[in-house]
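What's in run22.txt: compact mmCIF, C-alpha atoms and all ligand atoms
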```txt
# COMPACT_ATOMS: atom_id res chain seq x y z
CA MET Q 1 34.60 4.32 35.17
CA SER Q 2 31.28 3.00 34.00
CA VAL Q 3 28.79 1.52 36.35
CA THR Q 4 26.35 -1.24 35.58
CA THR Q 5 23.02 0.48 35.69
CA SER Q 6 20.82 -2.34 34.46
CA SER Q 7 19.94 -3.38 38.01
CA ALA Q 8 19.64 0.16 39.35
CA THR Q 9 16.49 2.17 39.58
CA VAL Q 10 16.57 5.53 37.87
CA LEU Q 11 14.94 7.85 40.34
CA SER Q 12 14.95 10.92 38.18
CA GLY Q 13 16.35 12.13 34.91
CA HIS Q 14 15.33 15.74 35.06
CA TYR Q 15 18.63 17.36 35.86
CA GLY Q 16 19.90 18.09 32.36
CA PHE Q 17 23.19 16.26 32.65
CA ALA Q 18 22.66 13.62 35.32
CA GLU Q 19 20.39 10.97 36.76
CA ILE Q 20 20.16 9.71 40.33
CA HIS Q 21 20.33 5.94 40.44
CA LYS Q 22 19.53 3.78 43.43
CA LEU Q 23 21.00 0.33 43.83
CA PRO Q 24 18.43 -2.28 44.83
CA ASP Q 25 20.28 -4.09 47.60
CA VAL Q 26 21.16 -1.23 49.90
CA ASN Q 27 20.15 2.35 50.38
CA HIS Q 28 22.92 3.45 48.06
CA HIS Q 29 22.50 6.25 45.57
CA LEU Q 30 24.78 7.36 42.82
CA LEU Q 31 24.82 10.13 40.27
CA VAL Q 32 25.24 9.06 36.64
CA SER Q 33 26.10 11.31 33.72
CA THR Q 34 23.69 11.56 30.80
CA LYS Q 35 26.10 13.67 28.75
CA SER Q 36 29.69 13.74 27.55
CA PHE Q 37 32.23 16.09 29.08
CA ASN Q 38 35.74 16.88 27.94
CA PRO Q 39 38.61 16.96 30.44
CA GLU Q 40 38.57 20.26 32.37
CA ALA Q 41 34.98 21.01 31.35
CA THR Q 42 32.79 22.75 33.88
CA ILE Q 43 30.00 20.26 34.53
CA CYS Q 44 27.97 22.75 36.55
CA THR Q 45 28.31 25.49 39.09
CA PHE Q 46 27.19 24.99 42.66
CA SER Q 47 26.43 27.03 45.72
CA ALA Q 48 25.56 26.57 49.37
CA LYS Q 49 22.01 25.65 50.29
CA GLU Q 50 23.08 25.70 53.94
CA ILE Q 51 26.33 26.36 55.79
CA HIS Q 52 27.23 24.25 58.83
CA PRO Q 53 30.06 24.69 61.34
CA LEU Q 54 30.82 20.95 61.44
CA PRO Q 55 31.05 18.31 58.71
CA SER Q 56 28.50 15.59 58.05
CA ARG Q 57 28.37 12.92 55.39
CA TYR Q 58 26.38 15.33 53.20
CA THR Q 59 28.57 18.42 53.44
CA VAL Q 60 31.52 19.74 51.45
CA GLN Q 61 34.16 21.76 53.26
CA VAL Q 62 34.88 25.19 51.74
CA ASN Q 63 37.15 26.68 54.43
CA GLU Q 64 38.23 26.26 58.04
CA THR Q 65 34.79 26.68 59.57
CA GLN Q 66 32.26 26.28 56.76
CA HIS Q 67 30.76 23.01 55.51
CA ILE Q 68 28.09 23.44 52.87
CA ILE Q 69 25.02 21.50 51.86
CA LEU Q 70 25.28 21.59 48.08
CA LEU Q 71 22.89 23.30 45.74
CA PRO Q 72 21.82 21.71 43.43
CA GLU Q 73 21.13 19.13 46.11
CA PHE Q 74 21.51 16.08 43.84
CA LEU Q 75 25.27 16.72 43.80
CA GLN Q 76 25.28 15.10 47.26
CA TYR Q 77 24.94 11.76 45.43
CA ILE Q 78 28.41 12.05 43.91
CA ASN Q 79 30.24 9.26 45.71
CA HIS Q 80 33.86 8.88 46.65
CA SER Q 81 36.41 7.20 44.40
CA CYS Q 82 40.17 6.91 44.69
CA ASN Q 83 40.23 7.36 40.89
CA PRO Q 84 37.77 10.26 40.63
CA ASN Q 85 36.43 11.84 37.45
CA THR Q 86 35.27 15.12 39.00
CA PHE Q 87 36.62 17.80 41.31
CA PHE Q 88 34.70 20.31 43.44
CA ASN Q 89 36.54 23.59 42.99
CA THR Q 90 35.36 25.41 46.11
CA THR Q 91 37.14 28.62 45.07
CA THR Q 92 35.28 29.07 41.78
CA MET Q 93 32.31 26.95 42.94
CA GLU Q 94 32.47 24.80 39.81
CA LEU Q 95 32.28 21.03 39.42
CA ILE Q 96 35.12 20.15 37.03
CA ALA Q 97 35.63 17.06 34.86
CA LEU Q 98 39.06 15.62 35.64
CA ARG Q 99 39.00 13.45 32.52
CA ALA Q 100 36.61 12.63 29.69
CA ILE Q 101 33.21 11.56 30.99
CA ALA Q 102 30.72 9.62 28.86
CA PRO Q 103 26.99 9.06 29.23
CA GLY Q 104 26.49 6.24 31.74
CA ASP Q 105 29.60 7.05 33.75
CA GLU Q 106 29.12 7.53 37.47
CA PHE Q 107 30.32 10.89 38.73
CA THR Q 108 32.82 10.46 41.56
CA PHE Q 109 35.18 12.65 43.55
CA PHE Q 110 37.98 12.11 46.02
CA TYR Q 111 36.50 13.08 49.39
CA PRO Q 112 39.80 14.22 50.96
CA SER Q 113 40.22 16.69 48.05
CA THR Q 114 37.74 18.93 49.89
CA GLU Q 115 37.63 17.51 53.44
CA TRP Q 116 40.39 18.35 55.93
CA PHE Q 117 38.69 16.21 58.52
CA MET Q 118 35.68 13.98 58.12
CA ALA Q 119 32.77 13.15 60.39
CA GLU Q 120 33.04 9.47 59.55
CA THR Q 121 35.92 7.50 58.09
CA PHE Q 122 35.10 4.49 55.96
CA ALA Q 123 36.71 1.61 54.10
CA CYS Q 124 36.79 2.24 50.36
CA ASN Q 125 35.91 -0.61 48.02
CA CYS Q 126 36.51 1.25 44.76
CA GLY Q 127 38.84 -1.47 43.50
CA ASP Q 128 41.30 0.96 41.96
CA HIS Q 129 44.93 -0.24 42.09
CA GLY Q 130 45.78 3.00 43.90
CA CYS Q 131 42.92 2.70 46.38
CA VAL Q 132 43.71 4.60 49.55
CA GLY Q 133 41.86 2.02 51.69
CA ILE Q 134 40.55 3.76 54.78
CA ILE Q 135 39.20 7.13 53.67
CA LYS Q 136 39.86 9.91 56.14
CA GLY Q 137 40.13 13.65 55.97
CA ALA Q 138 43.23 15.03 54.23
CA LYS Q 139 44.62 15.92 57.67
CA GLU Q 140 45.15 12.22 58.34
CA LEU Q 141 46.46 11.18 54.92
CA ALA Q 142 50.09 11.10 53.81
CA THR Q 143 51.37 13.94 51.64
CA ASP Q 144 52.52 11.59 48.87
CA VAL Q 145 48.98 10.19 48.63
CA LEU Q 146 47.39 13.64 48.53
CA ASN Q 147 49.88 14.83 45.91
CA ARG Q 148 48.35 12.36 43.46
CA TYR Q 149 45.10 14.37 43.50
CA ARG Q 150 43.80 17.79 42.62
CA LEU Q 151 43.02 19.49 45.91
CA THR Q 152 41.00 22.56 46.73
CA ASP Q 153 42.89 25.75 47.49
CA PHE Q 154 41.82 25.32 51.11
CA ILE Q 155 43.18 21.77 51.40
CA GLN Q 156 46.37 22.70 49.53
CA ARG Q 157 46.94 25.60 51.93
CA LYS Q 158 46.40 23.34 54.96
CA LEU Q 159 48.79 20.80 53.47
CA ASN Q 160 51.45 23.45 52.86
CA GLU Q 161 51.11 24.62 56.47
CA ARG Q 162 51.49 21.07 57.70
CA ASN Q 163 54.59 20.49 55.59
CA ASP Q 164 56.33 23.77 56.47
ZN ZN Q 201 39.35 3.44 46.91
```
Hey, can you dump this file as structure tokens for me?
Amino acid sequence: MSVTTSSATVLSGHYGFAEIHKLPDVNHHLLVSTKSFNPEATICTFSAKEIHPLPSRYTVQVNETQHIILLPEFLQYINHSCNPNTFFNTTTMELIALRAIAPGDEFTFFYPSTEWFMAETFACNCGDHGCVGIIKGAKELATDVLNRYRLTDFIQRKLNERND
């Protein structure tokens, strides 16, 4: 999924494989690839800058009680999509390309693939034909919706428990 970047401000291009773009109308940032990645490629590894007991809009859930602030921090600008091109593997701590990614593509991930519950739900406007609509934690989404996505080991385990 390419984004139109002509109207966006490039805040920085010093991250090797990505640039942070800021849209002019709202305080909306996105992370745009500057390189090509093959499907299943490891885009980068990540770690926890901080660990929090509760989720916020900037954290990624890694297990029942731990929500991390990502390092490198610019990964926080990877937005949600219902047709994502990346996956945060919180077992191996690798950001994975779900399909081929080209320079200029916005990096996106499916928030419920890591989040069992979310601090804030929101209405998705991704425009994908399979758009989930109201984005909530995986806990509140139907199994047949979640089965369309790659999920972290943590979310998959929670889902299996729910469905037992
Ligand atoms: Zn959507």
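For Q:Pro72, the residues within 8 Å (counting all atoms listed in the file, excluding itself and residues fewer than 4 positions away along the chain) are Phe46, Ser47 and Lys49 of chain Q.
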Counting all atoms listed in the file, which residue out of Q:Val132, Q:Ile78, Q:Ala100, Q:Val62 sits closest to Q:Asn38?
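Once distances to Q:Asn38 are computed over all atoms listed in the file, the minimum belongs to Q:Ala100.
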Do you have, as JSON lines, the list of residues of chain Q lying at most 12 Å from ligand ZN 201 (chain Q), each with its nearest atom pair and that distance in Å to one decimal, counting all atoms listed in the file and ordered by chain then number?
```
{"residue": "Q:Asn79", "atom": "CA", "partner": "Q:ZN201", "partner_atom": "ZN", "distance": 10.9}
{"residue": "Q:His80", "atom": "CA", "partner": "Q:ZN201", "partner_atom": "ZN", "distance": 7.7}
{"residue": "Q:Ser81", "atom": "CA", "partner": "Q:ZN201", "partner_atom": "ZN", "distance": 5.4}
{"residue": "Q:Cys82", "atom": "CA", "partner": "Q:ZN201", "partner_atom": "ZN", "distance": 4.2}
{"residue": "Q:Asn83", "atom": "CA", "partner": "Q:ZN201", "partner_atom": "ZN", "distance": 7.2}
{"residue": "Q:Pro84", "atom": "CA", "partner": "Q:ZN201", "partner_atom": "ZN", "distance": 9.4}
{"residue": "Q:Thr108", "atom": "CA", "partner": "Q:ZN201", "partner_atom": "ZN", "distance": 11.0}
{"residue": "Q:Phe109", "atom": "CA", "partner": "Q:ZN201", "partner_atom": "ZN", "distance": 10.7}
{"residue": "Q:Phe110", "atom": "CA", "partner": "Q:ZN201", "partner_atom": "ZN", "distance": 8.8}
{"residue": "Q:Tyr111", "atom": "CA", "partner": "Q:ZN201", "partner_atom": "ZN", "distance": 10.4}
{"residue": "Q:Pro112", "atom": "CA", "partner": "Q:ZN201", "partner_atom": "ZN", "distance": 11.5}
{"residue": "Q:Phe122", "atom": "CA", "partner": "Q:ZN201", "partner_atom": "ZN", "distance": 10.1}
{"residue": "Q:Ala123", "atom": "CA", "partner": "Q:ZN201", "partner_atom": "ZN", "distance": 7.9}
{"residue": "Q:Cys124", "atom": "CA", "partner": "Q:ZN201", "partner_atom": "ZN", "distance": 4.5}
{"residue": "Q:Asn125", "atom": "CA", "partner": "Q:ZN201", "partner_atom": "ZN", "distance": 5.4}
{"residue": "Q:Cys126", "atom": "CA", "partner": "Q:ZN201", "partner_atom": "ZN", "distance": 4.2}
{"residue": "Q:Gly127", "atom": "CA", "partner": "Q:ZN201", "partner_atom": "ZN", "distance": 6.0}
{"residue": "Q:Asp128", "atom": "CA", "partner": "Q:ZN201", "partner_atom": "ZN", "distance": 5.9}
{"residue": "Q:His129", "atom": "CA", "partner": "Q:ZN201", "partner_atom": "ZN", "distance": 8.2}
{"residue": "Q:Gly130", "atom": "CA", "partner": "Q:ZN201", "partner_atom": "ZN", "distance": 7.1}
{"residue": "Q:Cys131", "atom": "CA", "partner": "Q:ZN201", "partner_atom": "ZN", "distance": 3.7}
{"residue": "Q:Val132", "atom": "CA", "partner": "Q:ZN201", "partner_atom": "ZN", "distance": 5.2}
{"residue": "Q:Gly133", "atom": "CA", "partner": "Q:ZN201", "partner_atom": "ZN", "distance": 5.6}
{"residue": "Q:Ile134", "atom": "CA", "partner": "Q:ZN201", "partner_atom": "ZN", "distance": 8.0}
{"residue": "Q:Ile135", "atom": "CA", "partner": "Q:ZN201", "partner_atom": "ZN", "distance": 7.7}
{"residue": "Q:Lys136", "atom": "CA", "partner": "Q:ZN201", "partner_atom": "ZN", "distance": 11.3}
{"residue": "Q:Val145", "atom": "CA", "partner": "Q:ZN201", "partner_atom": "ZN", "distance": 11.9}
```
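Using only C-alpha atoms, the protein and nucleic acid residues lying no more than 7 Å from stretch 65-67 of chain Q, apart from those fewer than 2 places from it along its own chain, are Ile51, His52, Pro53, Leu54, Pro55, Thr59, Val60, Gln61, Val62, Asn63 and Ile69 of chain Q.
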Which residues come within 8 Å of stretch 24-37 of chain Q, counting only C-alpha atoms, excluding same-chain residues fewer than 4 positions away, as a PyMOL selection string?
chain Q and resi 7-9+16-20+41+43+74-75+77-79+97+100-107
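Using all atoms listed in the file for every distance, the candidate list Q:Thr143, Q:Glu50, Q:Leu23, Q:Thr114 yields Q:Glu50 as the residue closest to Q:Leu71.
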Tell me which residues come within 6 Å of (43.0, 15.8, 55.1), as number ranges by chain, counting all atoms listed in the file in the file's coordinates.
Q: 112, 115-117, 137-141
Which one is closest to Q:Leu151: Q:Thr45, Q:Leu98, Q:Pro39, Q:Lys22? Count only C-alpha atoms.
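Closest to Q:Leu151, using only C-alpha atoms: Q:Leu98.
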For Q:Thr121, the nearest of the candidates Q:Arg157, Q:Arg162, Q:Arg57, Q:Arg150, counting all atoms listed in the file
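For Q:Thr121, the nearest of the candidates is Q:Arg57.
The space between atom CA of Q:Ile68 and atom CA of Q:Thr92 spans 14.4 Å.
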Could you jot down the atom CA of Q:Glu64 to atom CA of Q:Glu120 separation for me, Å, one decimal place?
17.6 Å
